[in-house]
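Below is one structure, written out as structure tokens, with a few remarks after it.
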Amino acid sequence: MAIVSLKALQKIYPNGFQAVHGADIEIADGEFIVLVGPSGCGKSTLLRMIAGLEEITSGDLIIGDKQVNDLDPADRDIAMVFQNYALYPHMTVYNNMAYGLRNRKNSKESIEKSVREAARLLNLEEHLDRRPSQLSGGQRQRVAMGRAIVREPALFLFDEPLSNLDAKLRNQMRIEIRKLQRQLGTTSVYVTHDQVEAMTMADRIVVLNGGNIEQIGTPDEIYHRPASVFVATFMGAPAMNLMEGKVATGGIEIDGIGLLKSDHKLDASSNVSVGVRPEKVKLTTKANGITQPFVHDFTEELGAARLVHGRLGDKPFVINLHQEDEVPTGDLYATISPDMLHLFDTATGKRLS
Amino acid sequence: MKRAAFSSPWMPVLLLLPQVSIIFVFFYWPAFEALESSFYLQDPFGFTGTFVGFENYLTLFQNSEYLRISIFTLVFTVSVTFFSLAFGLLFAVKADKVIRGASTYKTLLMWVYAVAPPVAGILGVSLFYQGHGLITQLFGFFGHEFVIGVNYYDTGFALIAVSIWKQVPINFIFFLSGLQSVPRSIREAAMIDNRSSSGRFWTITFPLLAPTAFFLLITNITYAMFDTFGVIDVMLRSEPGNNPMTLTYKVYVDGFRGGDLGGSSAQSVILMLLVLALTIFQFRLIERRIHYT
């Protein structure tokens, strides 16, 4: 258990490619941090730098109260769970878990005790004498977890640990990992490209894009107050509706649509991007001050909800309706209330309000 | 397994025929001939023979020279196998770590593989040449007068050294590809679990290379016992006399130079049994081998 801080961490490869541009993250003791972003955003590189598998070009990495930049992975007091489990195929489950402890010269009894305890915690007791090839995907994942747990590290690192599992097992393991982490209280850094994993598991999410940190915040902040256009469109399914416009008095003027009411305090005629989450929009048949005419194209049924695809003016627009809300017939209007609008600077992509 | 269906029962026989006939002409028939002639005492031209039963075998076992050659063959095989595997593995591990110019290193290390055994023998002869061969001079520098072809141990050393040198590249290639097929994440997991890199090698990497190593062990034993003929022949050419040689070479010397076809046949039958034993050993172990994936 430890506080972990990343101070201006940079990674530049020998060929000149800069994978991480100065990452600053302060991780509290016992916190579960999720690094999320599209592929190539530098999230795995950042994790591997923390693990010591990639060299740190510049900046400071502090685990506990020690600067660990130049320590070997084995000396950093970390444990890592890999995407493809990375179990030792020639060792039994027991030996897979005991290997790291043996190399630390722990006593035989203490190793036996920790391995048995981890096996009990993970329901692996019956499988201790098996080899990884005799286990199912979910069981292998548990062994990989067990190998991390027995070390009692200061920091857990997870590199997309669930992406090789099928959807059902993934949901189950997601909950198990989160429960286990709460129970053990070990500081964790978890890398994923799956926004559902990010939203459900994280204490705080770090959204990365092109080697830069776009935003660090709780799932709630990330979703409801995205710091940039990138975060707004990356997090949330279906993605946020986004339109380009110009600031006008009392609202935003959008080409081909008209004025969207907004109580902003921005300078007139600057370019802005307007975002609105699909589930924050209502459909009605009566026009009023905050509605826009909506042309209905087709509907996707999701069971618990339905996605209504259509257009505002000539711009594609999606509305996420609750299951009880039918799509009305006749002329349709989308109700977009001013306080549901997210405004971003078109040039920088940064949030304005 | 999928069963193939043939319209005529003769079809599969016809398809097998080329393979079977080659094996028959080049193996079963000569093997049978050798077995037969090993029970005969033949005149040097092979026209007439007298049936002598197991006498050719008994003569061999009572012959002190045959015993000496057997012991040399054992020493030769063990050292050639061990050192060519060890050097192959060492070079592969080192080459695997090289990032810059890796392909140049690999090409240079593999080159020797393209050298034919007799050519390797000629290179060996010139390196160990009496008086001014490079290695002869090196030994001279340390105060040892190295005389190939005269001193039994010097000649043995030269034979072993050249045979090892010839075999290292193929072991290198196999070990290198074995090393490169060890998943990166397993190595990385081991880096987190074990700070000692030699510890990681012997506990993680080497066991994962075991199937490759076992395959190479068998091929190297076969190489040392049979395929070194070219090297030995060139290096001993003029004077096999009192020099060390392997059992395989002895078959040739006795049969084709000594004209003792019966005794030479008995020796090849013994070698055949040895190969049979080796094959059985190999299949037994392969059956029991652990499949990791």
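Ordering of the structure tokens sets the chain letters (A, B, ...), residue numbers begin anew at 1 in every chain, and ligands are numbered from 1 in the order given.
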
Could you give me the residues within segment 219-299 of chain A that DSSP places in strand (DSSP E), as a PyMOL selection string?
-> chain A and resi 241-248+251-254+258-261+271-276+282-284+291-299

Output the selection as a JSON list (two decimals), in the first residue's frame - N, CA and C atoms for each residue.
```
[["chain", "number", "residue", "atom", "x", "y", "z"],
["A", 241, "ASN", "N", -23.75, 13.83, -29.02],
["A", 241, "ASN", "CA", -24.00, 14.56, -30.26],
["A", 241, "ASN", "C", -23.16, 15.83, -30.25],
["A", 242, "LEU", "N", -22.51, 16.11, -31.37],
["A", 242, "LEU", "CA", -21.61, 17.25, -31.42],
["A", 242, "LEU", "C", -21.91, 18.10, -32.65],
["A", 243, "MET", "N", -22.04, 19.41, -32.44],
["A", 243, "MET", "CA", -22.32, 20.30, -33.57],
["A", 243, "MET", "C", -21.43, 21.52, -33.49],
["A", 244, "GLU", "N", -21.04, 22.04, -34.66],
["A", 244, "GLU", "CA", -20.21, 23.25, -34.70],
["A", 244, "GLU", "C", -21.12, 24.47, -34.78],
["A", 245, "GLY", "N", -20.71, 25.53, -34.10],
["A", 245, "GLY", "CA", -21.53, 26.74, -34.17],
["A", 245, "GLY", "C", -20.77, 27.98, -33.77],
["A", 246, "LYS", "N", -21.52, 29.11, -33.71],
["A", 246, "LYS", "CA", -20.93, 30.38, -33.32],
["A", 246, "LYS", "C", -21.72, 30.93, -32.14],
["A", 247, "VAL", "N", -20.98, 31.60, -31.24],
["A", 247, "VAL", "CA", -21.65, 32.18, -30.09],
["A", 247, "VAL", "C", -22.52, 33.37, -30.55],
["A", 248, "ALA", "N", -23.78, 33.41, -30.09],
["A", 248, "ALA", "CA", -24.67, 34.53, -30.38],
["A", 248, "ALA", "C", -25.32, 34.94, -29.07],
["A", 251, "GLY", "N", -27.61, 32.30, -26.93],
["A", 251, "GLY", "CA", -27.49, 30.92, -27.40],
["A", 251, "GLY", "C", -26.35, 30.73, -28.37],
["A", 252, "ILE", "N", -26.39, 29.60, -29.04],
["A", 252, "ILE", "CA", -25.36, 29.28, -30.02],
["A", 252, "ILE", "C", -26.04, 29.15, -31.37],
["A", 253, "GLU", "N", -25.51, 29.86, -32.36],
["A", 253, "GLU", "CA", -26.08, 29.81, -33.70],
["A", 253, "GLU", "C", -25.42, 28.66, -34.47],
["A", 254, "ILE", "N", -26.24, 27.71, -34.92],
["A", 254, "ILE", "CA", -25.67, 26.57, -35.62],
["A", 254, "ILE", "C", -26.15, 26.56, -37.06],
["A", 258, "GLY", "N", -30.17, 26.68, -36.59],
["A", 258, "GLY", "CA", -30.70, 27.87, -35.96],
["A", 258, "GLY", "C", -30.12, 28.07, -34.59],
["A", 259, "LEU", "N", -30.81, 28.81, -33.76],
["A", 259, "LEU", "CA", -30.28, 29.17, -32.46],
["A", 259, "LEU", "C", -30.63, 28.10, -31.42],
["A", 260, "LEU", "N", -29.56, 27.56, -30.75],
["A", 260, "LEU", "CA", -29.78, 26.69, -29.58],
["A", 260, "LEU", "C", -29.68, 27.57, -28.36],
["A", 261, "LYS", "N", -30.76, 27.59, -27.53],
["A", 261, "LYS", "CA", -30.76, 28.44, -26.34],
["A", 261, "LYS", "C", -29.69, 28.01, -25.36],
["A", 271, "ASN", "N", -15.95, 30.73, -32.30],
["A", 271, "ASN", "CA", -16.38, 29.39, -32.75],
["A", 271, "ASN", "C", -16.43, 28.42, -31.57],
["A", 272, "VAL", "N", -17.51, 27.70, -31.46],
["A", 272, "VAL", "CA", -17.63, 26.72, -30.38],
["A", 272, "VAL", "C", -18.19, 25.41, -30.93],
["A", 273, "SER", "N", -17.86, 24.30, -30.21],
["A", 273, "SER", "CA", -18.50, 23.02, -30.48],
["A", 273, "SER", "C", -19.51, 22.79, -29.38],
["A", 274, "VAL", "N", -20.70, 22.37, -29.78],
["A", 274, "VAL", "CA", -21.76, 22.15, -28.81],
["A", 274, "VAL", "C", -22.01, 20.66, -28.69],
["A", 275, "GLY", "N", -21.99, 20.15, -27.48],
["A", 275, "GLY", "CA", -22.25, 18.73, -27.28],
["A", 275, "GLY", "C", -23.48, 18.52, -26.43],
["A", 276, "VAL", "N", -24.23, 17.48, -26.74],
["A", 276, "VAL", "CA", -25.36, 17.14, -25.87],
["A", 276, "VAL", "C", -25.50, 15.62, -25.82],
["A", 282, "LYS", "N", -35.22, 15.03, -24.94],
["A", 282, "LYS", "CA", -36.56, 14.44, -24.96],
["A", 282, "LYS", "C", -37.21, 14.70, -26.32],
["A", 283, "LEU", "N", -38.14, 13.83, -26.67],
["A", 283, "LEU", "CA", -38.87, 14.02, -27.91],
["A", 283, "LEU", "C", -40.29, 14.48, -27.59],
["A", 284, "THR", "N", -40.78, 15.52, -28.28],
["A", 284, "THR", "CA", -42.17, 15.92, -28.09],
["A", 284, "THR", "C", -42.79, 16.20, -29.46],
["A", 291, "THR", "N", -36.95, 23.87, -28.23],
["A", 291, "THR", "CA", -37.02, 22.67, -29.09],
["A", 291, "THR", "C", -36.48, 22.99, -30.48],
["A", 292, "GLN", "N", -36.10, 21.90, -31.15],
["A", 292, "GLN", "CA", -35.65, 21.99, -32.53],
["A", 292, "GLN", "C", -36.40, 20.93, -33.31],
["A", 293, "PRO", "N", -36.78, 21.24, -34.58],
["A", 293, "PRO", "CA", -37.46, 20.22, -35.38],
["A", 293, "PRO", "C", -36.55, 19.02, -35.61],
["A", 294, "PHE", "N", -37.09, 17.83, -35.45],
["A", 294, "PHE", "CA", -36.30, 16.60, -35.53],
["A", 294, "PHE", "C", -36.87, 15.69, -36.60],
["A", 295, "VAL", "N", -36.05, 15.25, -37.52],
["A", 295, "VAL", "CA", -36.49, 14.33, -38.57],
["A", 295, "VAL", "C", -36.10, 12.92, -38.17],
["A", 296, "HIS", "N", -37.07, 12.04, -38.04],
["A", 296, "HIS", "CA", -36.83, 10.69, -37.56],
["A", 296, "HIS", "C", -36.43, 9.77, -38.72],
["A", 297, "ASP", "N", -35.27, 9.07, -38.59],
["A", 297, "ASP", "CA", -34.86, 8.14, -39.64],
["A", 297, "ASP", "C", -35.18, 6.70, -39.27],
["A", 298, "PHE", "N", -34.64, 6.23, -38.17],
["A", 298, "PHE", "CA", -34.92, 4.85, -37.74],
["A", 298, "PHE", "C", -34.63, 4.71, -36.26],
["A", 299, "THR", "N", -35.06, 3.59, -35.70],
["A", 299, "THR", "CA", -34.91, 3.37, -34.26],
["A", 299, "THR", "C", -34.19, 2.05, -34.01]]
```

Each residue of segment 118-215 of chain B lying at most 7 Å from segment 85-97 of chain B should get a row with its shortest atom-to-atom pair and the distance in Å to one decimal, counting only C-alpha atoms; could you produce that, ordered by chain and increasing number, as a tab-separated table?
```
residue	atom	partner	partner_atom	distance
B:Val168	CA	B:Gly88	CA	5.0
B:Pro169	CA	B:Gly88	CA	6.5
B:Asn171	CA	B:Gly88	CA	4.9
B:Phe172	CA	B:Gly88	CA	4.1
B:Phe175	CA	B:Ala92	CA	5.9
B:Leu176	CA	B:Ala92	CA	4.8
```

Check every residue of chain B for an atom within 9 Å of chain A, counting only C-alpha atoms, and provide those that qualify as an NGL selection string.
-> :B and (183-196 or 199 or 204 or 207-208 or 290-293)

Out of segment 72-269 of chain B, which residues get alpha helix (DSSP H) from DSSP, as a PyMOL selection string?
-> chain B and resi 72-97+102-110+117-127+134-141+152-180+184-193+197-200+206-222+229-236+247-252+261-269

Provide the atom CA of Gly124 of chain B to atom CA of Leu109 of chain B distance in Å, to one decimal place.
->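 Taking atom CA of Gly124 of chain B and atom CA of Leu109 of chain B, their separation equals 17.7 Å.
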
Using only C-alpha atoms, which residues sit within 9 Å of segment 57-68 of chain B once same-chain residues fewer than 5 positions away are excluded, as JSON, numbers by chain?
-> {"B": [38, 39, 73, 244, 247, 250, 263, 266, 267, 270]}

What does the file look like for those residues with C-alpha atoms, as a compact mmCIF listing (two decimals), in the first residue's frame?
```txt
# COMPACT_ATOMS: atom_id res chain seq x y z
CA SER B 38 28.33 -60.28 -41.09
CA PHE B 39 28.00 -64.05 -40.60
CA THR B 73 33.67 -42.60 -30.13
CA PRO B 244 41.68 -41.80 -33.24
CA LEU B 247 33.10 -46.41 -35.12
CA LYS B 250 36.22 -47.74 -38.69
CA GLY B 263 34.00 -57.77 -39.95
CA ALA B 266 29.32 -56.92 -38.24
CA GLN B 267 30.34 -53.41 -37.14
CA ILE B 270 26.18 -53.08 -34.24
```

Would you pick out the contacts of Ala8 of chain A at 10 Å or less, using only C-alpha atoms, so that residues sharing its chain but fewer than 6 positions from it are not included, and give the list as a PDB file with C-alpha atoms, in the first residue's frame?
```pdb
ATOM      1  CA  VAL A  20       4.096   9.940 -23.434  1.00  0.00           C
ATOM      2  CA  HIS A  21       4.259  13.720 -23.083  1.00  0.00           C
ATOM      3  CA  GLY A  22       4.877  14.652 -19.464  1.00  0.00           C
ATOM      4  CA  ALA A  23       2.321  12.738 -17.410  1.00  0.00           C
ATOM      5  CA  ASP A  24       1.526  14.103 -13.949  1.00  0.00           C
ATOM      6  CA  ILE A  25      -0.653  11.882 -11.784  1.00  0.00           C
ATOM      7  CA  SER A  58      12.596  11.910 -18.051  1.00  0.00           C
ATOM      8  CA  GLY A  59      10.530  12.789 -15.004  1.00  0.00           C
ATOM      9  CA  ASP A  60      10.120  11.169 -11.613  1.00  0.00           C
ATOM     10  CA  LEU A  61       8.297   8.046 -10.558  1.00  0.00           C
TER      11      LEU A  61
END
```

Atom CA of Asn15 of chain A to atom CA of Ile62 of chain A, distance in Å rounded to a single decimal = 27.0 Å

Name all residues at most 12 Å from Thr248 of chain B (count only C-alpha atoms; drop same-chain ones fewer than 4 positions away) and give them as a PyMOL selection string.
-> chain B and resi 66+69-70+72-74+77+222-230+232-233+244+252-255+264-272+274-275

Please provide the set of residues having any atom within 12 Å of segment 39-47 of chain A, restricted to only C-alpha atoms, with same-chain residues fewer than 5 positions apart removed, written as an MDAnalysis selection string.
-> chainID A and resid 6:13 17:25 33:34 52:57 61 78:83 155:161 188:194 205:214
